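Colleague: Pasting in a structure now, in structure tokens, and then I'll have a few things to ask.
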2 protein chains.
Amino acid sequence: MDPDQLSKHFVEHYYTTFDTNRLALINLYQEGSMLTFEGEKIQGAQSISNKLNSLPFQQCKHNISTVDCQPSGLSGGWVVFVSGNLQLPGEEHLLKFSQVKPH
Amino acid sequence: MDPDQLSKHFVEHYYTTFDTNRLALINLYQEGSMLTFEGEKIQGAQSISNKLNSLPFQQCKHNISTVDCQPSGLSGGWVVFVSGNLQLPGEEHLLKFSQVKPH
């Protein structure tokens, strides 16, 4: 599977998990993972899961607009860039979001 | 200098160059660099410079909203995520932009 397709599958899996079974997001992070969320740096799978599960909304729906991936240079790794919008119950407007997944 | 400060200085330098001396952007890329621009992958300093200098506007002003950096994992590298808006002459609305700089 080429990197573009793999990235799209991963992104779909990540946001479906986020929107339907947020506690299971912990399985998509490792001890060395870092999440930067609105400027706050959060390290490790358990801490990241705690943060994402403490967000002040229970239901949400991520709509993906773009998924771009490219080699990240030195290590043979890849970086995936996602943009889209987030629907929250009772909110009239969509929230725009974007996220980067270094690998 | 810590990585957050270094990232902010680099981002300021990058967009000041973009807005005031776009031909000099070539100096901020290497042969192995890749730009993904609206889904199109462009490789190498000369090709990236050609792309950025062929955009259909002469004057622009990037206003930076956020700069986040974090380790990219395997290689000791970093990834920098930037969001902001772009002012173009004669355009009433600001264009939102975001960019990732893997290192």
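Residues are referred to by chain and number: the chain letter is A, B, ... according to the order shown in the structure tokens, the number counts from 1 in that chain, and ligands are numbered separately from 1 in the order shown.
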Show me, as a VMD selection string, every residue of chain B with an atom at most 8 Å from chain A, counting only C-alpha atoms.
Modeller: chain B and resid 32 to 34 36 39 41 68 to 75 77 79 81 100 102 to 103
Colleague: Could you name the residues that touch Gln87 (chain B) at 8 Å or less, counting only C-alpha atoms, but leaving out those on the same chain fewer than 4 positions away, as a PyMOL selection string?
Modeller: chain B and resi 60-63+91+93-95
Colleague: Output chain B as a compact mmCIF listing (two decimals) with N, CA, C and O atoms, in the first residue's frame, after least-squares fitting it to chain A on all in-order C-alpha pairs.
Modeller:
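After the write, superposed_22.txt holds the following:
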```
# COMPACT_ATOMS: atom_id res chain seq x y z
N MET B 1 0.84 -1.20 -0.02
CA MET B 1 -0.01 0.00 -0.03
C MET B 1 0.90 1.24 -0.03
O MET B 1 1.87 1.29 0.72
N ASP B 2 0.58 2.22 -0.85
CA ASP B 2 1.47 3.39 -0.91
C ASP B 2 1.22 4.31 0.29
O ASP B 2 0.19 4.23 0.96
N PRO B 3 2.19 5.18 0.58
CA PRO B 3 2.10 6.02 1.79
C PRO B 3 0.85 6.91 1.81
O PRO B 3 0.28 7.13 2.89
N ASP B 4 0.41 7.40 0.66
CA ASP B 4 -0.79 8.24 0.64
C ASP B 4 -2.01 7.45 1.10
O ASP B 4 -2.81 7.92 1.92
N GLN B 5 -2.16 6.24 0.55
CA GLN B 5 -3.31 5.40 0.94
C GLN B 5 -3.22 4.99 2.40
O GLN B 5 -4.22 5.01 3.13
N LEU B 6 -2.01 4.62 2.82
CA LEU B 6 -1.81 4.20 4.21
C LEU B 6 -2.17 5.36 5.16
O LEU B 6 -2.84 5.16 6.18
N SER B 7 -1.74 6.57 4.80
CA SER B 7 -2.05 7.75 5.63
C SER B 7 -3.55 7.96 5.74
O SER B 7 -4.08 8.22 6.82
N LYS B 8 -4.25 7.86 4.60
CA LYS B 8 -5.70 8.07 4.62
C LYS B 8 -6.40 7.03 5.49
O LYS B 8 -7.31 7.36 6.26
N HIS B 9 -5.97 5.76 5.37
CA HIS B 9 -6.58 4.72 6.20
C HIS B 9 -6.32 4.98 7.68
O HIS B 9 -7.21 4.83 8.51
N PHE B 10 -5.07 5.37 8.00
CA PHE B 10 -4.76 5.64 9.40
C PHE B 10 -5.60 6.79 9.94
O PHE B 10 -6.16 6.72 11.04
N VAL B 11 -5.70 7.86 9.15
CA VAL B 11 -6.45 9.05 9.58
C VAL B 11 -7.93 8.71 9.78
O VAL B 11 -8.55 9.12 10.78
N GLU B 12 -8.50 7.94 8.86
CA GLU B 12 -9.90 7.51 9.02
C GLU B 12 -10.06 6.70 10.30
O GLU B 12 -11.01 6.89 11.05
N HIS B 13 -9.12 5.77 10.54
CA HIS B 13 -9.19 4.93 11.74
C HIS B 13 -9.07 5.79 13.00
O HIS B 13 -9.83 5.61 13.97
N TYR B 14 -8.13 6.75 12.98
CA TYR B 14 -7.90 7.59 14.16
C TYR B 14 -9.16 8.38 14.52
O TYR B 14 -9.61 8.38 15.67
N TYR B 15 -9.76 9.04 13.54
CA TYR B 15 -10.90 9.92 13.85
C TYR B 15 -12.19 9.14 14.07
O TYR B 15 -13.06 9.59 14.83
N THR B 16 -12.33 7.98 13.44
CA THR B 16 -13.47 7.12 13.76
C THR B 16 -13.38 6.66 15.22
O THR B 16 -14.38 6.66 15.95
N THR B 17 -12.16 6.28 15.63
CA THR B 17 -11.96 5.90 17.03
C THR B 17 -12.26 7.08 17.95
O THR B 17 -12.96 6.94 18.96
N PHE B 18 -11.75 8.26 17.59
CA PHE B 18 -11.99 9.47 18.40
C PHE B 18 -13.49 9.71 18.56
O PHE B 18 -13.99 10.01 19.67
N ASP B 19 -14.25 9.55 17.50
CA ASP B 19 -15.67 9.94 17.52
C ASP B 19 -16.58 8.86 18.10
O ASP B 19 -17.71 9.17 18.49
N THR B 20 -16.12 7.60 18.12
CA THR B 20 -17.02 6.52 18.52
C THR B 20 -16.54 5.76 19.76
O THR B 20 -17.34 5.09 20.41
N ASN B 21 -15.26 5.81 20.07
CA ASN B 21 -14.73 5.00 21.18
C ASN B 21 -13.47 5.67 21.70
O ASN B 21 -12.36 5.13 21.61
N ARG B 22 -13.64 6.87 22.26
CA ARG B 22 -12.48 7.73 22.52
C ARG B 22 -11.48 7.10 23.49
O ARG B 22 -10.29 7.38 23.42
N LEU B 23 -11.98 6.24 24.41
CA LEU B 23 -11.05 5.60 25.35
C LEU B 23 -10.03 4.72 24.63
O LEU B 23 -8.92 4.51 25.13
N ALA B 24 -10.39 4.22 23.45
CA ALA B 24 -9.47 3.34 22.71
C ALA B 24 -8.35 4.10 21.99
O ALA B 24 -7.44 3.47 21.45
N LEU B 25 -8.39 5.43 22.02
CA LEU B 25 -7.29 6.19 21.41
C LEU B 25 -5.95 5.86 22.05
O LEU B 25 -4.90 6.00 21.43
N ILE B 26 -6.00 5.42 23.32
CA ILE B 26 -4.74 5.11 24.01
C ILE B 26 -3.92 4.08 23.24
O ILE B 26 -2.69 4.09 23.29
N ASN B 27 -4.60 3.22 22.50
CA ASN B 27 -3.90 2.18 21.74
C ASN B 27 -3.16 2.73 20.52
O ASN B 27 -2.36 2.02 19.91
N LEU B 28 -3.45 3.96 20.15
CA LEU B 28 -2.81 4.55 18.97
C LEU B 28 -1.62 5.44 19.35
O LEU B 28 -1.03 6.09 18.49
N TYR B 29 -1.28 5.46 20.62
CA TYR B 29 -0.11 6.22 21.08
C TYR B 29 0.86 5.29 21.80
O TYR B 29 0.47 4.22 22.27
N GLN B 30 2.13 5.74 21.89
CA GLN B 30 3.14 4.98 22.60
C GLN B 30 3.70 5.83 23.74
O GLN B 30 3.36 7.01 23.86
N GLU B 31 4.60 5.24 24.54
CA GLU B 31 5.17 5.99 25.66
C GLU B 31 5.93 7.22 25.19
O GLU B 31 5.95 8.25 25.85
N GLY B 32 6.57 7.11 24.02
CA GLY B 32 7.34 8.25 23.50
C GLY B 32 6.51 9.27 22.73
O GLY B 32 7.04 10.26 22.25
N SER B 33 5.21 9.01 22.59
CA SER B 33 4.36 9.92 21.80
C SER B 33 4.20 11.28 22.50
O SER B 33 4.20 11.34 23.73
N MET B 34 4.08 12.30 21.72
CA MET B 34 3.78 13.61 22.27
C MET B 34 2.59 14.22 21.53
O MET B 34 2.49 14.12 20.30
N LEU B 35 1.68 14.81 22.29
CA LEU B 35 0.57 15.58 21.74
C LEU B 35 0.78 17.04 22.12
O LEU B 35 0.99 17.35 23.30
N THR B 36 0.77 17.94 21.14
CA THR B 36 0.71 19.36 21.45
C THR B 36 -0.71 19.82 21.15
O THR B 36 -1.17 19.73 20.02
N PHE B 37 -1.41 20.23 22.20
CA PHE B 37 -2.83 20.56 22.07
C PHE B 37 -3.02 22.00 22.49
O PHE B 37 -2.85 22.34 23.66
N GLU B 38 -3.34 22.86 21.53
CA GLU B 38 -3.50 24.29 21.81
C GLU B 38 -2.33 24.83 22.64
O GLU B 38 -2.52 25.54 23.63
N GLY B 39 -1.12 24.44 22.22
CA GLY B 39 0.09 24.95 22.83
C GLY B 39 0.62 24.16 24.02
O GLY B 39 1.75 24.35 24.45
N GLU B 40 -0.20 23.26 24.55
CA GLU B 40 0.20 22.45 25.71
C GLU B 40 0.83 21.14 25.24
O GLU B 40 0.25 20.44 24.42
N LYS B 41 2.03 20.82 25.73
CA LYS B 41 2.72 19.58 25.35
C LYS B 41 2.39 18.48 26.36
O LYS B 41 2.57 18.67 27.57
N ILE B 42 1.94 17.34 25.85
CA ILE B 42 1.51 16.23 26.71
C ILE B 42 2.22 14.97 26.24
O ILE B 42 2.16 14.61 25.06
N GLN B 43 2.93 14.29 27.15
CA GLN B 43 3.79 13.17 26.76
C GLN B 43 3.25 11.85 27.29
O GLN B 43 2.84 11.75 28.45
N GLY B 44 3.27 10.81 26.43
CA GLY B 44 2.95 9.46 26.86
C GLY B 44 1.51 9.08 26.59
O GLY B 44 0.60 9.91 26.67
N ALA B 45 1.30 7.79 26.29
CA ALA B 45 -0.02 7.32 25.88
C ALA B 45 -1.10 7.60 26.92
O ALA B 45 -2.20 8.06 26.60
N GLN B 46 -0.79 7.33 28.21
CA GLN B 46 -1.82 7.49 29.25
C GLN B 46 -2.20 8.96 29.43
O GLN B 46 -3.38 9.30 29.51
N SER B 47 -1.19 9.85 29.44
CA SER B 47 -1.48 11.28 29.62
C SER B 47 -2.24 11.84 28.44
O SER B 47 -3.15 12.67 28.60
N ILE B 48 -1.86 11.41 27.23
CA ILE B 48 -2.57 11.88 26.04
C ILE B 48 -4.02 11.41 26.06
O ILE B 48 -4.95 12.17 25.79
N SER B 49 -4.22 10.14 26.40
CA SER B 49 -5.58 9.61 26.49
C SER B 49 -6.40 10.37 27.53
O SER B 49 -7.56 10.73 27.30
N ASN B 50 -5.79 10.63 28.69
CA ASN B 50 -6.50 11.40 29.73
C ASN B 50 -6.94 12.76 29.20
O ASN B 50 -8.07 13.20 29.44
N LYS B 51 -6.03 13.43 28.47
CA LYS B 51 -6.34 14.76 27.94
C LYS B 51 -7.50 14.68 26.94
O LYS B 51 -8.48 15.45 27.03
N LEU B 52 -7.40 13.75 25.99
CA LEU B 52 -8.42 13.69 24.94
C LEU B 52 -9.77 13.26 25.50
O LEU B 52 -10.83 13.68 25.00
N ASN B 53 -9.75 12.45 26.56
CA ASN B 53 -11.00 12.01 27.16
C ASN B 53 -11.58 13.00 28.16
O ASN B 53 -12.69 12.82 28.64
N SER B 54 -10.81 14.05 28.47
CA SER B 54 -11.33 15.07 29.38
C SER B 54 -11.82 16.31 28.63
O SER B 54 -12.21 17.30 29.26
N LEU B 55 -11.80 16.27 27.30
CA LEU B 55 -12.29 17.44 26.55
C LEU B 55 -13.76 17.66 26.86
O LEU B 55 -14.51 16.69 27.07
N PRO B 56 -14.19 18.91 26.87
CA PRO B 56 -15.52 19.23 27.41
C PRO B 56 -16.66 19.01 26.41
O PRO B 56 -17.51 19.86 26.25
N PHE B 57 -16.62 17.87 25.73
CA PHE B 57 -17.76 17.47 24.91
C PHE B 57 -17.75 15.95 24.83
O PHE B 57 -16.70 15.31 24.85
N GLN B 58 -18.94 15.37 24.80
CA GLN B 58 -19.03 13.91 24.77
C GLN B 58 -19.14 13.38 23.34
O GLN B 58 -18.55 12.38 23.00
N GLN B 59 -19.92 14.08 22.55
CA GLN B 59 -20.12 13.61 21.18
C GLN B 59 -19.43 14.57 20.22
O GLN B 59 -19.48 15.79 20.42
N CYS B 60 -18.82 14.05 19.20
CA CYS B 60 -18.24 14.91 18.18
C CYS B 60 -18.14 14.11 16.88
O CYS B 60 -18.23 12.89 16.86
N LYS B 61 -17.99 14.86 15.81
CA LYS B 61 -17.84 14.22 14.49
C LYS B 61 -16.78 15.01 13.72
O LYS B 61 -16.96 16.20 13.45
N HIS B 62 -15.66 14.34 13.44
CA HIS B 62 -14.60 14.95 12.63
C HIS B 62 -14.88 14.70 11.16
O HIS B 62 -15.04 13.55 10.73
N ASN B 63 -14.94 15.76 10.37
CA ASN B 63 -15.05 15.64 8.92
C ASN B 63 -13.71 16.02 8.31
O ASN B 63 -13.22 17.14 8.51
N ILE B 64 -13.10 15.08 7.58
CA ILE B 64 -11.75 15.28 7.04
C ILE B 64 -11.84 16.02 5.71
O ILE B 64 -12.61 15.63 4.83
N SER B 65 -11.04 17.07 5.55
CA SER B 65 -10.98 17.78 4.27
C SER B 65 -9.77 17.35 3.45
O SER B 65 -9.88 17.07 2.27
N THR B 66 -8.59 17.36 4.07
CA THR B 66 -7.37 16.99 3.33
C THR B 66 -6.49 16.09 4.18
O THR B 66 -6.46 16.20 5.41
N VAL B 67 -5.79 15.17 3.52
CA VAL B 67 -4.75 14.35 4.15
C VAL B 67 -3.53 14.41 3.24
O VAL B 67 -3.59 13.99 2.09
N ASP B 68 -2.44 14.98 3.71
CA ASP B 68 -1.19 15.03 2.93
C ASP B 68 -0.10 14.32 3.70
O ASP B 68 0.03 14.51 4.91
N CYS B 69 0.72 13.54 3.03
CA CYS B 69 1.87 12.94 3.70
C CYS B 69 3.11 13.16 2.86
O CYS B 69 3.05 13.31 1.64
N GLN B 70 4.24 13.23 3.55
CA GLN B 70 5.52 13.30 2.83
C GLN B 70 6.62 12.79 3.75
O GLN B 70 6.47 12.77 4.97
N PRO B 71 7.75 12.37 3.15
CA PRO B 71 8.87 11.89 3.98
C PRO B 71 9.31 13.01 4.92
O PRO B 71 9.30 14.18 4.54
N SER B 72 9.71 12.63 6.14
CA SER B 72 10.08 13.67 7.10
C SER B 72 11.57 13.91 7.12
O SER B 72 12.07 14.63 7.98
N GLY B 73 12.30 13.31 6.20
CA GLY B 73 13.69 13.70 6.04
C GLY B 73 14.67 12.68 6.55
O GLY B 73 14.97 11.70 5.88
N LEU B 74 15.16 12.90 7.76
CA LEU B 74 16.35 12.21 8.21
C LEU B 74 16.15 10.72 8.43
O LEU B 74 17.03 9.92 8.14
N SER B 75 15.02 10.31 8.94
CA SER B 75 14.92 8.99 9.55
C SER B 75 14.21 7.96 8.70
O SER B 75 14.05 6.83 9.13
N GLY B 76 13.79 8.31 7.51
CA GLY B 76 12.93 7.39 6.78
C GLY B 76 11.50 7.42 7.30
O GLY B 76 10.69 6.61 6.92
N GLY B 77 11.20 8.36 8.20
CA GLY B 77 9.84 8.50 8.71
C GLY B 77 8.98 9.33 7.77
O GLY B 77 9.42 9.78 6.71
N TRP B 78 7.75 9.49 8.17
CA TRP B 78 6.79 10.27 7.40
C TRP B 78 6.08 11.24 8.31
O TRP B 78 5.98 11.02 9.51
N VAL B 79 5.55 12.29 7.72
CA VAL B 79 4.72 13.21 8.48
C VAL B 79 3.40 13.34 7.72
O VAL B 79 3.37 13.38 6.48
N VAL B 80 2.31 13.27 8.46
CA VAL B 80 0.97 13.33 7.87
C VAL B 80 0.29 14.58 8.39
O VAL B 80 0.29 14.85 9.60
N PHE B 81 -0.27 15.36 7.48
CA PHE B 81 -0.95 16.60 7.83
C PHE B 81 -2.43 16.47 7.47
O PHE B 81 -2.77 16.09 6.35
N VAL B 82 -3.28 16.76 8.43
CA VAL B 82 -4.72 16.60 8.27
C VAL B 82 -5.41 17.93 8.54
O VAL B 82 -5.06 18.63 9.48
N SER B 83 -6.38 18.27 7.72
CA SER B 83 -7.24 19.41 8.04
C SER B 83 -8.70 18.99 7.87
O SER B 83 -9.00 18.04 7.14
N GLY B 84 -9.57 19.69 8.57
CA GLY B 84 -10.98 19.35 8.48
C GLY B 84 -11.79 20.21 9.41
O GLY B 84 -11.34 21.26 9.85
N ASN B 85 -12.99 19.77 9.69
CA ASN B 85 -13.81 20.49 10.64
C ASN B 85 -14.46 19.53 11.63
O ASN B 85 -14.55 18.33 11.39
N LEU B 86 -14.86 20.10 12.74
CA LEU B 86 -15.35 19.33 13.88
C LEU B 86 -16.76 19.79 14.19
O LEU B 86 -16.99 20.99 14.40
N GLN B 87 -17.70 18.86 14.20
CA GLN B 87 -19.08 19.16 14.57
C GLN B 87 -19.30 18.77 16.02
O GLN B 87 -19.00 17.64 16.42
N LEU B 88 -19.84 19.71 16.78
CA LEU B 88 -20.19 19.42 18.18
C LEU B 88 -21.70 19.56 18.34
O LEU B 88 -22.31 20.42 17.70
N PRO B 89 -22.32 18.75 19.23
CA PRO B 89 -23.76 18.84 19.40
C PRO B 89 -24.16 20.22 19.95
O PRO B 89 -23.50 20.74 20.84
N GLY B 90 -25.17 20.81 19.38
CA GLY B 90 -25.68 22.09 19.87
C GLY B 90 -24.90 23.30 19.38
O GLY B 90 -25.26 24.43 19.69
N GLU B 91 -23.83 23.07 18.62
CA GLU B 91 -23.05 24.19 18.09
C GLU B 91 -23.49 24.44 16.66
O GLU B 91 -23.53 23.54 15.83
N GLU B 92 -23.77 25.69 16.39
CA GLU B 92 -24.26 26.05 15.06
C GLU B 92 -23.13 25.99 14.03
O GLU B 92 -23.31 25.56 12.90
N HIS B 93 -21.93 26.41 14.45
CA HIS B 93 -20.82 26.53 13.50
C HIS B 93 -19.88 25.34 13.63
O HIS B 93 -19.70 24.78 14.71
N LEU B 94 -19.28 24.99 12.51
CA LEU B 94 -18.24 23.97 12.52
C LEU B 94 -16.94 24.59 13.03
O LEU B 94 -16.64 25.75 12.72
N LEU B 95 -16.19 23.84 13.81
CA LEU B 95 -14.86 24.28 14.22
C LEU B 95 -13.84 23.72 13.24
O LEU B 95 -13.86 22.52 12.95
N LYS B 96 -12.96 24.55 12.73
CA LYS B 96 -11.89 24.04 11.89
C LYS B 96 -10.82 23.40 12.77
O LYS B 96 -10.54 23.87 13.86
N PHE B 97 -10.24 22.30 12.30
CA PHE B 97 -9.12 21.73 13.03
C PHE B 97 -8.04 21.31 12.04
O PHE B 97 -8.28 21.15 10.85
N SER B 98 -6.84 21.16 12.56
CA SER B 98 -5.75 20.57 11.78
C SER B 98 -4.85 19.83 12.75
O SER B 98 -4.77 20.15 13.93
N GLN B 99 -4.21 18.79 12.25
CA GLN B 99 -3.39 17.94 13.11
C GLN B 99 -2.25 17.37 12.28
O GLN B 99 -2.41 17.06 11.10
N VAL B 100 -1.10 17.21 12.93
CA VAL B 100 0.08 16.62 12.30
C VAL B 100 0.40 15.33 13.03
O VAL B 100 0.38 15.29 14.25
N LYS B 101 0.71 14.29 12.26
CA LYS B 101 1.13 13.02 12.87
C LYS B 101 2.54 12.74 12.39
O LYS B 101 2.75 12.29 11.26
N PRO B 102 3.58 13.06 13.22
CA PRO B 102 4.92 12.63 12.84
C PRO B 102 5.07 11.14 13.09
O PRO B 102 4.43 10.61 14.00
N HIS B 103 5.89 10.45 12.31
CA HIS B 103 6.07 9.02 12.51
C HIS B 103 7.55 8.68 12.40
O HIS B 103 8.16 8.96 11.37
```
Colleague: Determine which residues of chain B receive a DSSP assignment of strand (DSSP E), computed from the backbone, and state them as JSON, numbers by chain.
Modeller: {"B": [34, 35, 36, 37, 40, 41, 42, 43, 61, 62, 63, 64, 65, 66, 67, 68, 69, 70, 71, 78, 79, 80, 81, 82, 83, 84, 85, 86, 87, 95, 96, 97, 98, 99, 100, 101, 102]}
Colleague: Taking the backbone alone, and naming residues the way the document does, which bits of region 31-80 of chain A are helix (DSSP H, G or I) by DSSP, as a PyMOL selection string?
Modeller: chain A and resi 45-53
Colleague: Could you write out the selected residues, including N, CA, C and O atoms, as a short mmCIF file (atom, residue, chain, number, x, y, z; two decimals), in the first residue's frame?
Modeller:
```cif
data_model
loop_
_atom_site.label_atom_id
_atom_site.label_comp_id
_atom_site.auth_asym_id
_atom_site.auth_seq_id
_atom_site.Cartn_x
_atom_site.Cartn_y
_atom_site.Cartn_z
N ALA A 45 1.28 7.79 26.30
CA ALA A 45 -0.04 7.32 25.88
C ALA A 45 -1.11 7.60 26.95
O ALA A 45 -2.21 8.07 26.62
N GLN A 46 -0.81 7.33 28.22
CA GLN A 46 -1.83 7.50 29.25
C GLN A 46 -2.20 8.97 29.42
O GLN A 46 -3.39 9.32 29.51
N SER A 47 -1.20 9.85 29.45
CA SER A 47 -1.48 11.28 29.62
C SER A 47 -2.25 11.85 28.42
O SER A 47 -3.16 12.67 28.59
N ILE A 48 -1.87 11.42 27.23
CA ILE A 48 -2.58 11.89 26.03
C ILE A 48 -4.03 11.41 26.05
O ILE A 48 -4.96 12.19 25.78
N SER A 49 -4.22 10.14 26.40
CA SER A 49 -5.59 9.61 26.49
C SER A 49 -6.40 10.38 27.53
O SER A 49 -7.56 10.74 27.29
N ASN A 50 -5.80 10.64 28.69
CA ASN A 50 -6.50 11.40 29.72
C ASN A 50 -6.94 12.77 29.19
O ASN A 50 -8.06 13.22 29.44
N LYS A 51 -6.03 13.43 28.47
CA LYS A 51 -6.35 14.76 27.93
C LYS A 51 -7.51 14.69 26.93
O LYS A 51 -8.48 15.46 27.03
N LEU A 52 -7.42 13.75 25.99
CA LEU A 52 -8.43 13.68 24.93
C LEU A 52 -9.79 13.26 25.49
O LEU A 52 -10.83 13.69 25.00
N ASN A 53 -9.76 12.45 26.55
CA ASN A 53 -11.02 12.01 27.16
C ASN A 53 -11.59 13.00 28.16
O ASN A 53 -12.71 12.82 28.64
#
```
